[in-house]
file structure_7.cif (mmCIF, C-alpha atoms and all ligand atoms)
data_input
loop_
_atom_site.label_atom_id
_atom_site.label_comp_id
_atom_site.auth_asym_id
_atom_site.auth_seq_id
_atom_site.Cartn_x
_atom_site.Cartn_y
_atom_site.Cartn_z
CA MET A 4 42.00 76.03 117.60
CA SER A 5 42.47 78.03 114.38
CA GLU A 6 45.81 78.58 112.66
CA PRO A 7 47.73 81.45 114.32
CA ALA A 8 48.56 84.53 112.29
CA THR A 9 52.23 84.32 111.33
CA PRO A 10 54.44 87.19 110.25
CA PRO A 11 56.15 86.36 106.93
CA SER A 12 59.62 87.12 108.31
CA ALA A 13 59.53 84.33 110.92
CA PRO A 14 60.36 80.99 109.26
CA GLY A 15 60.04 79.04 112.51
CA LEU A 16 56.55 80.34 113.06
CA GLU A 17 55.58 79.69 109.47
CA ALA A 18 56.59 76.09 109.96
CA ALA A 19 54.78 75.74 113.27
CA ARG A 20 51.37 74.16 113.16
CA VAL A 21 49.25 74.22 116.26
CA GLU A 22 46.88 71.30 116.40
CA GLY A 23 44.18 70.19 118.77
CA SER A 24 42.48 71.76 121.74
CA ARG A 25 44.21 73.65 124.53
CA ARG A 26 44.58 70.43 126.52
CA VAL A 27 46.22 68.36 123.80
CA ALA A 28 47.94 71.11 121.84
CA LYS A 29 50.75 69.92 119.59
CA LEU A 30 53.26 72.23 118.03
CA ARG A 31 55.00 70.78 115.00
CA THR A 32 57.98 72.21 113.13
CA ARG A 33 60.33 70.77 110.51
CA LEU A 34 62.56 69.59 113.36
CA CYS A 35 59.79 67.16 114.32
CA ASP A 36 59.75 65.64 110.85
CA LEU A 37 63.55 65.58 110.65
CA ILE A 38 64.12 63.57 113.83
CA GLY A 39 60.75 61.91 114.23
CA ILE A 40 59.46 63.67 117.36
CA ASP A 41 56.06 65.18 118.14
CA CYS A 42 57.07 68.49 119.67
CA PRO A 43 60.18 70.58 119.03
CA VAL A 44 61.72 70.22 122.50
CA LEU A 45 65.16 68.73 123.14
CA GLN A 46 66.49 67.88 126.59
CA SER A 47 70.22 68.42 126.72
CA GLY A 48 72.66 65.65 127.54
CA MET A 49 73.94 66.62 131.00
CA GLY A 50 76.60 64.88 133.06
CA ARG A 51 75.41 63.73 136.53
CA VAL A 52 71.82 64.60 135.42
CA ALA A 53 70.61 62.91 132.21
CA GLY A 54 70.35 59.13 132.64
CA PRO A 55 67.95 56.68 130.99
CA ASP A 56 64.91 57.57 133.14
CA LEU A 57 65.03 61.28 132.32
CA VAL A 58 65.75 60.64 128.64
CA ALA A 59 62.94 58.12 128.26
CA GLU A 60 60.40 60.37 130.00
CA VAL A 61 61.17 63.26 127.64
CA SER A 62 61.05 61.04 124.57
CA LYS A 63 57.83 59.35 125.68
CA ALA A 64 56.25 62.80 126.03
CA GLY A 65 57.10 63.56 122.39
CA GLY A 66 60.35 65.50 122.81
CA LEU A 67 63.91 64.26 122.36
CA GLY A 68 65.74 63.05 125.45
CA ILE A 69 69.54 62.99 125.19
CA LEU A 70 71.84 60.80 127.32
CA ALA A 71 75.04 62.32 128.75
CA GLY A 72 78.01 60.42 127.31
CA LEU A 73 80.98 62.48 128.52
CA ASN A 74 83.43 60.26 130.41
CA VAL A 75 80.95 57.38 130.55
CA PRO A 76 82.92 54.19 129.79
CA PRO A 77 81.67 52.68 126.51
CA ASP A 78 80.23 49.52 128.12
CA ALA A 79 78.22 51.61 130.58
CA LEU A 80 77.09 53.87 127.74
CA ARG A 81 75.91 50.83 125.77
CA GLN A 82 73.93 49.62 128.81
CA GLN A 83 72.31 53.04 129.22
CA ILE A 84 71.35 53.14 125.54
CA ARG A 85 69.78 49.70 125.85
CA ARG A 86 67.97 50.75 129.02
CA VAL A 87 66.41 53.72 127.20
CA ARG A 88 65.25 51.31 124.50
CA GLU A 89 63.62 49.11 127.16
CA LEU A 90 61.74 52.15 128.43
CA THR A 91 60.63 53.63 125.11
CA ASP A 92 60.66 53.02 121.38
CA ARG A 93 60.73 56.78 120.67
CA PRO A 94 63.80 58.56 119.24
CA PHE A 95 66.51 59.71 121.67
CA GLY A 96 70.08 60.97 121.49
CA VAL A 97 73.53 60.52 122.99
CA ASN A 98 75.75 63.52 123.72
CA LEU A 99 79.53 63.56 123.59
CA TRP A 100 81.97 66.39 124.01
CA LEU A 101 84.47 66.65 121.16
CA HIS A 102 86.71 69.24 122.78
CA PRO A 103 90.36 69.11 121.62
CA ALA A 104 91.40 68.69 125.29
CA LEU A 105 89.79 65.22 125.12
CA LEU A 106 91.29 64.20 121.76
CA PRO A 107 93.46 62.89 123.36
CA PRO A 108 93.07 64.01 127.01
CA ALA A 109 95.50 66.72 128.06
CA ASP A 110 98.74 65.58 129.72
CA PRO A 111 99.06 66.76 133.35
CA GLN A 112 102.86 66.50 133.14
CA GLY A 113 102.90 69.63 130.99
CA VAL A 114 101.68 71.85 133.87
CA PRO A 115 104.46 73.99 135.41
CA GLY A 116 105.16 73.12 139.07
CA ASP A 117 104.50 76.65 140.38
CA VAL A 118 101.08 76.77 138.67
CA LEU A 119 100.09 73.39 140.10
CA ALA A 120 101.25 74.46 143.58
CA ALA A 121 99.18 77.67 143.45
CA VAL A 122 96.07 75.77 142.33
CA GLN A 123 96.48 73.15 145.05
CA ARG A 124 97.02 75.88 147.68
CA ALA A 125 93.60 77.34 146.84
CA LEU A 126 91.95 73.90 146.72
CA ASN A 127 93.54 72.84 150.01
CA GLY A 128 91.55 75.58 151.74
CA PHE A 129 88.36 73.77 150.64
CA ARG A 130 89.75 70.33 151.50
CA ALA A 131 90.43 71.43 155.07
CA ARG A 132 86.75 72.34 155.52
CA LEU A 133 85.62 69.00 154.11
CA GLY A 134 87.91 66.85 156.26
CA LEU A 135 90.04 65.90 153.24
CA PRO A 136 93.85 65.60 153.33
CA ALA A 137 95.83 68.39 151.65
CA SER A 138 97.26 67.55 148.22
CA GLN A 139 100.10 68.73 146.02
CA ALA A 140 99.56 66.02 143.42
CA SER A 141 99.13 66.40 139.67
CA PRO A 142 95.62 65.50 138.53
CA GLU A 143 95.30 62.14 136.83
CA ARG A 144 95.09 62.04 133.07
CA LEU A 145 91.50 61.45 131.90
CA PRO A 146 90.82 58.15 130.14
CA ASP A 147 90.83 58.42 126.34
CA LEU A 148 87.21 57.49 125.61
CA VAL A 149 85.85 59.64 122.80
CA GLU A 150 86.53 57.34 119.84
CA ALA A 151 85.30 54.24 121.69
CA SER A 152 82.15 56.08 122.81
CA PHE A 153 81.54 57.27 119.25
CA GLN A 154 82.00 53.72 118.00
CA THR A 155 79.46 52.53 120.59
CA LEU A 156 76.78 54.93 119.45
CA LEU A 157 77.43 53.96 115.82
CA GLU A 158 77.10 50.26 116.67
CA GLU A 159 73.92 50.90 118.64
CA ARG A 160 72.56 53.07 115.81
CA VAL A 161 71.19 55.64 118.23
CA PRO A 162 68.74 57.97 116.46
CA VAL A 163 70.65 61.19 117.27
CA PHE A 164 74.31 62.05 117.97
CA SER A 165 74.47 65.32 119.91
CA VAL A 166 77.82 67.14 119.97
CA GLY A 167 78.95 69.68 122.53
CA LEU A 168 82.19 71.68 122.58
CA GLY A 169 83.47 70.54 119.21
CA ASN A 170 83.02 70.11 115.49
CA PRO A 171 82.23 66.50 114.53
CA GLY A 172 83.81 67.04 111.09
CA ILE A 173 82.55 65.67 107.81
CA GLU A 174 83.97 62.17 108.32
CA ARG A 175 82.12 61.51 111.59
CA VAL A 176 78.94 62.98 110.10
CA ARG A 177 79.31 60.65 107.11
CA ARG A 178 79.69 57.62 109.36
CA CYS A 179 76.55 58.62 111.25
CA ARG A 180 74.60 59.22 108.06
CA GLU A 181 75.48 55.75 106.77
CA ARG A 182 73.69 54.35 109.81
CA GLY A 183 70.72 56.70 109.72
CA ILE A 184 71.96 58.70 112.73
CA LYS A 185 71.18 62.44 112.75
CA VAL A 186 73.91 64.79 114.00
CA VAL A 187 73.14 67.82 116.17
CA ALA A 188 76.03 70.21 117.01
CA MET A 189 75.99 73.10 119.50
CA VAL A 190 77.76 76.42 118.86
CA THR A 191 78.03 79.88 120.41
CA THR A 192 79.14 81.97 117.43
CA VAL A 193 78.18 82.47 113.79
CA GLU A 194 81.69 81.46 112.78
CA ASP A 195 81.38 78.09 114.51
CA ALA A 196 77.88 77.64 113.06
CA ARG A 197 79.37 78.01 109.58
CA ALA A 198 82.08 75.49 110.48
CA VAL A 199 79.65 72.78 111.63
CA ALA A 200 77.31 73.54 108.72
CA ALA A 201 80.25 72.88 106.39
CA ALA A 202 80.61 69.49 108.10
CA GLU A 203 76.98 68.87 107.04
CA VAL A 204 75.47 68.35 110.47
CA ASP A 205 71.67 67.93 110.40
CA VAL A 206 70.81 70.48 113.13
CA ILE A 207 72.71 73.34 114.79
CA VAL A 208 71.99 74.33 118.39
CA ALA A 209 72.64 78.05 118.93
CA GLN A 210 73.68 78.33 122.57
CA GLY A 211 73.12 81.79 123.99
CA SER A 212 75.11 83.12 126.92
CA GLU A 213 72.19 82.65 129.32
CA ALA A 214 72.71 78.88 129.10
CA GLY A 215 73.61 76.73 132.07
CA GLY A 216 76.65 74.48 131.91
CA HIS A 217 79.68 74.82 129.67
CA ARG A 218 79.95 77.28 126.82
CA SER A 219 80.06 75.18 123.66
CA THR A 220 83.35 76.56 122.33
CA TRP A 221 86.43 74.64 121.38
CA ASN A 222 88.90 76.88 119.64
CA GLY A 223 91.27 79.13 121.51
CA ARG A 224 90.38 82.08 119.27
CA ALA A 225 86.95 82.46 120.84
CA SER A 226 87.65 84.49 123.95
CA GLY A 227 85.16 84.39 126.78
CA GLU A 228 83.37 87.53 125.76
CA SER A 229 83.15 86.81 122.03
CA ALA A 230 81.49 83.48 122.81
CA SER A 231 78.95 85.11 125.13
CA ILE A 232 76.20 86.33 122.82
CA GLY A 233 72.67 86.29 124.22
CA THR A 234 70.13 83.90 122.71
CA LEU A 235 67.97 86.72 121.30
CA ALA A 236 70.86 88.13 119.28
CA LEU A 237 72.57 84.84 118.39
CA VAL A 238 69.73 82.70 117.03
CA PRO A 239 68.57 84.93 114.13
CA GLN A 240 72.17 85.57 113.07
CA ILE A 241 72.83 81.85 112.81
CA VAL A 242 69.47 81.31 111.08
CA ASP A 243 70.53 83.90 108.49
CA ALA A 244 74.06 82.53 108.12
CA VAL A 245 73.46 78.81 107.47
CA PRO A 246 70.90 76.67 105.60
CA THR A 247 70.88 74.08 108.41
CA PRO A 248 67.86 73.96 110.78
CA VAL A 249 68.61 75.85 114.01
CA VAL A 250 67.51 75.05 117.56
CA ALA A 251 67.69 77.74 120.26
CA ALA A 252 69.25 77.13 123.69
CA GLY A 253 69.92 79.31 126.70
CA GLY A 254 67.45 80.79 129.17
CA ILE A 255 64.40 78.98 127.80
CA ALA A 256 62.25 77.40 130.50
CA ASP A 257 58.62 77.78 129.44
CA GLY A 258 56.31 77.99 126.43
CA ARG A 259 56.87 81.71 125.97
CA GLY A 260 60.54 80.97 125.38
CA LEU A 261 59.61 78.32 122.83
CA VAL A 262 57.42 80.78 120.90
CA ALA A 263 60.15 83.43 121.06
CA ALA A 264 62.65 80.93 119.65
CA LEU A 265 60.29 80.09 116.76
CA ALA A 266 59.81 83.79 116.08
CA LEU A 267 63.60 84.13 115.80
CA GLY A 268 63.59 81.52 113.06
CA ALA A 269 64.57 78.50 115.17
CA CYS A 270 62.68 75.26 114.57
CA GLY A 271 62.91 74.09 118.18
CA VAL A 272 64.47 74.55 121.59
CA LEU A 273 67.00 72.69 123.71
CA LEU A 274 66.65 73.00 127.48
CA GLY A 275 69.07 72.05 130.22
CA THR A 276 68.39 73.85 133.49
CA ARG A 277 64.62 73.24 133.41
CA PHE A 278 65.26 69.49 133.18
CA VAL A 279 67.80 69.48 136.05
CA ALA A 280 64.88 70.39 138.32
CA THR A 281 62.67 67.44 137.42
CA ARG A 282 61.87 64.28 139.33
CA GLU A 283 63.77 61.97 136.94
CA SER A 284 66.97 64.06 136.87
CA LEU A 285 69.90 62.41 138.66
CA ALA A 286 71.02 65.71 140.23
CA PRO A 287 71.13 65.66 144.02
CA LEU A 288 68.17 67.33 145.71
CA PHE A 289 70.27 70.24 147.03
CA TRP A 290 71.12 71.20 143.44
CA LYS A 291 67.48 70.99 142.29
CA ARG A 292 66.48 73.08 145.33
CA ALA A 293 69.15 75.68 144.54
CA ILE A 294 67.78 76.10 140.99
CA ILE A 295 64.24 76.46 142.31
CA ASP A 296 65.04 78.76 145.23
CA ARG A 297 67.69 81.10 143.84
CA SER A 298 67.29 83.96 141.40
CA SER A 299 68.73 84.62 137.95
CA ASN A 300 71.23 87.17 139.20
CA GLU A 301 72.94 84.49 141.30
CA THR A 302 74.59 82.72 138.36
CA THR A 303 78.14 83.38 137.23
CA VAL A 304 80.47 82.13 134.49
CA THR A 305 83.59 80.50 135.89
CA THR A 306 86.51 78.34 134.77
CA ALA A 307 87.33 77.34 138.36
CA PHE A 308 85.61 73.93 138.31
CA THR A 309 86.89 72.45 135.05
CA GLY A 310 89.22 74.90 133.30
CA LEU A 311 86.45 75.65 130.77
CA ARG A 312 83.92 78.44 131.01
CA ALA A 313 80.62 77.30 132.49
CA ARG A 314 77.57 79.00 133.99
CA VAL A 315 76.82 77.91 137.56
CA LEU A 316 75.13 79.24 140.66
CA ARG A 317 77.59 81.15 142.80
CA ASN A 318 78.77 79.27 145.87
CA VAL A 319 81.72 79.22 148.25
CA PHE A 320 83.90 77.49 145.63
CA THR A 321 83.27 80.06 142.86
CA GLU A 322 83.63 83.08 145.14
CA GLU A 323 86.65 82.02 147.18
CA TYR A 324 88.53 80.56 144.23
CA ALA A 325 88.14 83.85 142.34
CA ALA A 326 89.16 85.83 145.43
CA SER A 327 92.27 83.67 145.91
CA GLY A 328 93.68 84.88 142.59
CA ALA A 329 94.92 81.34 141.94
CA PRO A 330 95.48 80.34 138.30
CA VAL A 331 93.32 77.69 136.67
CA LEU A 332 94.74 74.50 135.14
CA PRO A 333 94.18 73.78 131.42
CA PRO A 334 90.80 72.41 130.27
CA LEU A 335 89.58 69.43 132.28
CA LEU A 336 92.85 69.08 134.27
CA GLN A 337 91.28 71.60 136.65
CA ALA A 338 88.30 69.23 137.04
CA GLY A 339 90.68 66.39 137.84
CA ALA A 340 92.46 68.48 140.50
CA ALA A 341 89.14 69.38 142.20
CA ARG A 342 87.52 65.95 141.89
CA ASP A 343 87.97 64.83 145.53
CA ILE A 344 86.42 68.09 146.73
CA VAL A 345 83.36 67.85 144.48
CA THR A 346 82.86 64.19 145.39
CA ARG A 347 83.06 64.81 149.14
CA SER A 348 80.86 67.87 149.01
CA THR A 349 78.24 65.94 147.01
CA ASP A 350 78.43 62.98 149.41
CA TRP A 351 77.84 65.36 152.31
CA ASN A 352 74.89 67.06 150.53
CA ASP A 353 76.84 70.27 150.87
CA PRO A 354 76.24 72.66 147.94
CA ARG A 355 79.18 74.92 148.86
CA PHE A 356 81.87 73.16 146.79
CA VAL A 357 79.89 71.54 143.94
CA PRO A 358 79.41 72.98 140.42
CA LEU A 359 75.71 73.86 140.54
CA TYR A 360 75.35 74.27 136.77
CA SER A 361 72.41 76.53 136.05
CA GLY A 362 71.35 78.96 133.36
CA GLN A 363 69.77 82.34 133.94
CA GLY A 364 66.37 80.78 133.31
CA ASN A 365 66.43 79.38 136.85
CA GLY A 366 64.37 82.40 137.90
CA LEU A 367 61.49 80.93 135.86
CA ILE A 368 61.68 77.54 137.57
CA ARG A 369 59.72 77.18 140.78
CA ASP A 370 58.69 73.54 140.99
CA LEU A 371 59.88 69.95 140.60
CA PRO A 372 57.62 68.28 138.02
CA GLY A 373 58.15 65.09 136.06
CA ALA A 374 60.13 65.58 132.84
CA GLY A 375 57.19 64.50 130.66
CA GLU A 376 55.08 67.16 132.33
CA VAL A 377 57.70 69.78 131.40
CA VAL A 378 57.42 68.81 127.71
CA ARG A 379 53.63 68.86 127.81
CA ARG A 380 53.55 72.23 129.58
CA LEU A 381 55.98 73.77 127.11
CA THR A 382 53.85 72.89 124.13
CA GLU A 383 50.58 73.86 125.81
CA GLU A 384 51.97 77.19 127.01
CA ALA A 385 53.41 77.85 123.56
CA ALA A 386 50.07 77.17 121.91
CA ILE A 387 48.41 79.60 124.32
CA ALA A 388 51.09 82.25 123.71
CA LEU A 389 50.62 81.89 119.95
CA ARG A 390 46.84 82.13 120.29
CA ASP A 391 47.20 85.26 122.43
CA LEU A 392 49.56 86.81 119.88
CA ALA A 393 47.08 86.10 117.10
CA ALA A 394 44.22 87.54 119.21
CA ALA A 395 46.24 90.68 120.00
CA ASP A 396 46.98 91.06 116.28
CA ALA A 397 43.30 90.65 115.39
CA ALA A 398 42.27 93.20 118.02
CA ALA A 399 44.79 95.81 116.82
C1 LIG A 401 73.66 70.68 134.39
C2 LIG A 401 74.02 70.92 132.96
C3 LIG A 401 74.89 70.05 132.33
C4 LIG A 401 75.17 70.20 130.97
N1 LIG A 401 75.98 69.28 130.36
C5 LIG A 401 76.13 69.34 129.02
C6 LIG A 401 76.81 68.27 128.33
O1 LIG A 401 77.29 67.31 128.93
N2 LIG A 401 76.90 68.36 126.99
C7 LIG A 401 76.39 69.42 126.27
O2 LIG A 401 76.48 69.43 125.05
N3 LIG A 401 75.76 70.46 126.90
C8 LIG A 401 75.61 70.41 128.24
N4 LIG A 401 74.93 71.45 128.89
C9 LIG A 401 74.52 72.66 128.17
C10 LIG A 401 73.22 72.48 127.43
O3 LIG A 401 73.51 71.75 126.27
C11 LIG A 401 72.49 73.75 127.00
O4 LIG A 401 73.30 74.53 126.17
C12 LIG A 401 71.97 74.61 128.11
O5 LIG A 401 71.54 73.86 129.20
C13 LIG A 401 70.84 75.47 127.60
O6 LIG A 401 70.55 76.50 128.47
P1 LIG A 401 69.56 76.39 129.74
O7 LIG A 401 70.36 75.67 130.78
O8 LIG A 401 69.29 77.80 130.07
O9 LIG A 401 68.36 75.61 129.31
C14 LIG A 401 74.64 71.31 130.25
C15 LIG A 401 73.77 72.19 130.91
C16 LIG A 401 73.46 72.01 132.24
C17 LIG A 401 72.52 72.97 132.90
#
call {"tool": "encode", "arguments": {"input": "structure_7.cif", "output": "structure tokens"}}
result
Amino acid sequence: MSEPATPPSAPGLEAARVEGSRRVAKLRTRLCDLIGIDCPVLQSGMGRVAGPDLVAEVSKAGGLGILAGLNVPPDALRQQIRRVRELTDRPFGVNLWLHPALLPPADPQGVPGDVLAAVQRALNGFRARLGLPASQASPERLPDLVEASFQTLLEERVPVFSVGLGNPGIERVRRCRERGIKVVAMVTTVEDARAVAAAEVDVIVAQGSEAGGHRSTWNGRASGESASIGTLALVPQIVDAVPTPVVAAGGIADGRGLVAALALGACGVLLGTRFVATRESLAPLFWKRAIIDRSSNETTVTTAFTGLRARVLRNVFTEEYAASGAPVLPPLLQAGAARDIVTRSTDWNDPRFVPLYSGQGNGLIRDLPGAGEVVRRLTEEAAIALRDLAAADAAA
């Protein structure tokens, strides 16, 4: 295949080199050289989804798999890291949230009694339908794990530290750099991109509002709407604002999305929702099915599950909680209050009361492939899209 024509204003495309035939197409950007991968595709760390099997499959296929580290006790995290290394010698990452509500975990005793009572009243309606006893209790305080988890990934010298919902700060970045660990931080605004660039992270993920899961914000100033910029508008602004390599996230599920991201100046993509619906993902089948079967207009952004804004598929929980008018507890205390409901609903394979995290790209996802196949398809489809663009240009 010949080199595609590349417009001079698209740095990502300039850096992309398409090699090989249609069957074995490889798409390299500077991200590949930076973190030692073959194709510029990152699989997001995702709680309840991204364990060693998923991560290793993505990395073996030439992308970067990322383990979910949030609330995983450090010993278990170390075991998972070692399991990935048994499965592959390719680079991989570990994701932690660095949200201020985890540093240290918020104190439930600070919640006013009337607020707690109103939240539990709404939740008790769900408990009744799941055969659970009513509760008026305060949620338990989360264990204080972030520093120990960070220490674990330093000791294990994982290739990549991926940060969600926080700024790692220059000191953590320095400690990673000393051990050869690359730092990738995810943001939703230009302002936060500048902040993590000042901390000298190696890569910035620009998370558009289409993304599934939590919005990667961490300061109270960013209201819901100001941190909800679509990928198409956000990525080039961040590319223009910082010298750091940028990876696009949010609504990308196939090779066309990868090419679009490169055209915006990104040097790669990070996908979450597409990898939830893969064979190696730990998500229960009802969640995978929901992503495959439901359409893009069935997602919503809610704080009702955790106290932090996250994009999920609408279900009984999201709709009835909103209709109840109940307040929401502070970040992550809400998750603690609803934990028994989510656990029971999951155990019963009942999608009505579980956070079915999904981005708007779910409408592009119609099958349940292996995760390695997803990586291969993305690069092959991207190579075809680039070839078609070049052909259209030549024909014009
Ligand atoms: C099920 C699910 C869980 C997620 N968990 C995390 C997480 O633990 N840490 C994190 O940094 N991002 C997490 N994300 C967000 C992703 O990093 C990413 O921004 C998003 O998935 C990209 O959009 P997409 O879902 O449209 O591909 C999660 C996303 C999903 C869908």
call {"tool": "residues_near_ligand", "arguments": {"input": "structure_7.cif", "ligand": "ligand LIG 401 (chain A)", "cutoff": "8 Å", "atoms": "all atoms listed in the file", "output": "JSON, numbers by chain"}}
result
{"A": [47, 48, 49, 50, 51, 52, 71, 72, 73, 98, 99, 100, 165, 166, 167, 168, 189, 208, 210, 211, 213, 214, 215, 216, 217, 218, 219, 252, 253, 254, 255, 256, 273, 274, 275, 276, 277, 278, 279, 314, 359, 360, 361, 362, 363, 364, 365]}
call {"tool": "write_last_selection", "arguments": {"input": "structure_7.cif", "atoms": "C-alpha atoms", "output": "PDB file, keeping the file's coordinate frame"}}
result
ATOM      1  CA  SER A  47      70.220  68.420 126.720  1.00  0.00           C
ATOM      2  CA  GLY A  48      72.660  65.650 127.540  1.00  0.00           C
ATOM      3  CA  MET A  49      73.940  66.620 131.000  1.00  0.00           C
ATOM      4  CA  GLY A  50      76.600  64.880 133.060  1.00  0.00           C
ATOM      5  CA  ARG A  51      75.410  63.730 136.530  1.00  0.00           C
ATOM      6  CA  VAL A  52      71.820  64.600 135.420  1.00  0.00           C
ATOM      7  CA  ALA A  71      75.040  62.320 128.750  1.00  0.00           C
ATOM      8  CA  GLY A  72      78.010  60.420 127.310  1.00  0.00           C
ATOM      9  CA  LEU A  73      80.980  62.480 128.520  1.00  0.00           C
ATOM     10  CA  ASN A  98      75.750  63.520 123.720  1.00  0.00           C
ATOM     11  CA  LEU A  99      79.530  63.560 123.590  1.00  0.00           C
ATOM     12  CA  TRP A 100      81.970  66.390 124.010  1.00  0.00           C
ATOM     13  CA  SER A 165      74.470  65.320 119.910  1.00  0.00           C
ATOM     14  CA  VAL A 166      77.820  67.140 119.970  1.00  0.00           C
ATOM     15  CA  GLY A 167      78.950  69.680 122.530  1.00  0.00           C
ATOM     16  CA  LEU A 168      82.190  71.680 122.580  1.00  0.00           C
ATOM     17  CA  MET A 189      75.990  73.100 119.500  1.00  0.00           C
ATOM     18  CA  VAL A 208      71.990  74.330 118.390  1.00  0.00           C
ATOM     19  CA  GLN A 210      73.680  78.330 122.570  1.00  0.00           C
ATOM     20  CA  GLY A 211      73.120  81.790 123.990  1.00  0.00           C
ATOM     21  CA  GLU A 213      72.190  82.650 129.320  1.00  0.00           C
ATOM     22  CA  ALA A 214      72.710  78.880 129.100  1.00  0.00           C
ATOM     23  CA  GLY A 215      73.610  76.730 132.070  1.00  0.00           C
ATOM     24  CA  GLY A 216      76.650  74.480 131.910  1.00  0.00           C
ATOM     25  CA  HIS A 217      79.680  74.820 129.670  1.00  0.00           C
ATOM     26  CA  ARG A 218      79.950  77.280 126.820  1.00  0.00           C
ATOM     27  CA  SER A 219      80.060  75.180 123.660  1.00  0.00           C
ATOM     28  CA  ALA A 252      69.250  77.130 123.690  1.00  0.00           C
ATOM     29  CA  GLY A 253      69.920  79.310 126.700  1.00  0.00           C
ATOM     30  CA  GLY A 254      67.450  80.790 129.170  1.00  0.00           C
ATOM     31  CA  ILE A 255      64.400  78.980 127.800  1.00  0.00           C
ATOM     32  CA  ALA A 256      62.250  77.400 130.500  1.00  0.00           C
ATOM     33  CA  LEU A 273      67.000  72.690 123.710  1.00  0.00           C
ATOM     34  CA  LEU A 274      66.650  73.000 127.480  1.00  0.00           C
ATOM     35  CA  GLY A 275      69.070  72.050 130.220  1.00  0.00           C
ATOM     36  CA  THR A 276      68.390  73.850 133.490  1.00  0.00           C
ATOM     37  CA  ARG A 277      64.620  73.240 133.410  1.00  0.00           C
ATOM     38  CA  PHE A 278      65.260  69.490 133.180  1.00  0.00           C
ATOM     39  CA  VAL A 279      67.800  69.480 136.050  1.00  0.00           C
ATOM     40  CA  ARG A 314      77.570  79.000 133.990  1.00  0.00           C
ATOM     41  CA  LEU A 359      75.710  73.860 140.540  1.00  0.00           C
ATOM     42  CA  TYR A 360      75.350  74.270 136.770  1.00  0.00           C
ATOM     43  CA  SER A 361      72.410  76.530 136.050  1.00  0.00           C
ATOM     44  CA  GLY A 362      71.350  78.960 133.360  1.00  0.00           C
ATOM     45  CA  GLN A 363      69.770  82.340 133.940  1.00  0.00           C
ATOM     46  CA  GLY A 364      66.370  80.780 133.310  1.00  0.00           C
ATOM     47  CA  ASN A 365      66.430  79.380 136.850  1.00  0.00           C
TER      48      ASN A 365
END
call {"tool": "closest_residue", "arguments": {"input": "structure_7.cif", "among": "A:Ala326, A:Ile294, A:Ala338, A:Ala264", "to": "Thr309 (chain A)", "atoms": "all atoms listed in the file"}}
result
A:Ala338
call {"tool": "atom_distance", "arguments": {"input": "structure_7.cif", "atom1": "CA of Gly328 (chain A)", "atom2": "CA of Gly223 (chain A)"}}
result
22.0 Å
call {"tool": "residues_around", "arguments": {"input": "structure_7.cif", "residues": "region 145-160 of chain A", "least_positions_apart": "2", "cutoff": "8 Å", "atoms": "all atoms listed in the file", "output": "PyMOL selection string"}}
result
chain A and resi 72+74-77+80-81+84+97+99-101+105-109+143+162+164+178-179+182-184+339
call {"tool": "residues_around", "arguments": {"input": "structure_7.cif", "residues": "Val204 (chain A)", "least_positions_apart": "2", "cutoff": "7 Å", "atoms": "all atoms listed in the file", "output": "PyMOL selection string"}}
result
chain A and resi 176+186-188+199-200+202+206
call {"tool": "closest_residue", "arguments": {"input": "structure_7.cif", "among": "A:Val250, A:Ala209, A:Ala269, A:Ala393", "to": "Thr234 (chain A)", "atoms": "all atoms listed in the file"}}
result
A:Ala209
call {"tool": "atom_distance", "arguments": {"input": "structure_7.cif", "atom1": "CA of Leu285 (chain A)", "atom2": "CA of Asn170 (chain A)"}}
result
27.7 Å
call {"tool": "residues_around", "arguments": {"input": "structure_7.cif", "residues": "Leu135 (chain A)", "least_positions_apart": "5", "cutoff": "9 Å", "atoms": "all atoms listed in the file", "output": "list in words"}}
result
Asn127, Phe129, Arg130, Asp343, Ile344 and Arg347 of chain A
call {"tool": "atom_distance", "arguments": {"input": "structure_7.cif", "atom1": "CA of Leu371 (chain A)", "atom2": "CA of Ala64 (chain A)"}}
result
16.6 Å
call {"tool": "closest_residue", "arguments": {"input": "structure_7.cif", "among": "A:Leu126, A:Ala201, A:Ile241, A:Val377", "to": "Ala325 (chain A)", "atoms": "only C-alpha atoms"}}
result
A:Leu126
call {"tool": "closest_residue", "arguments": {"input": "structure_7.cif", "among": "A:Pro287, A:Gly310, A:Gly268, A:Gly233", "to": "Asn352 (chain A)", "atoms": "only C-alpha atoms"}}
result
A:Pro287
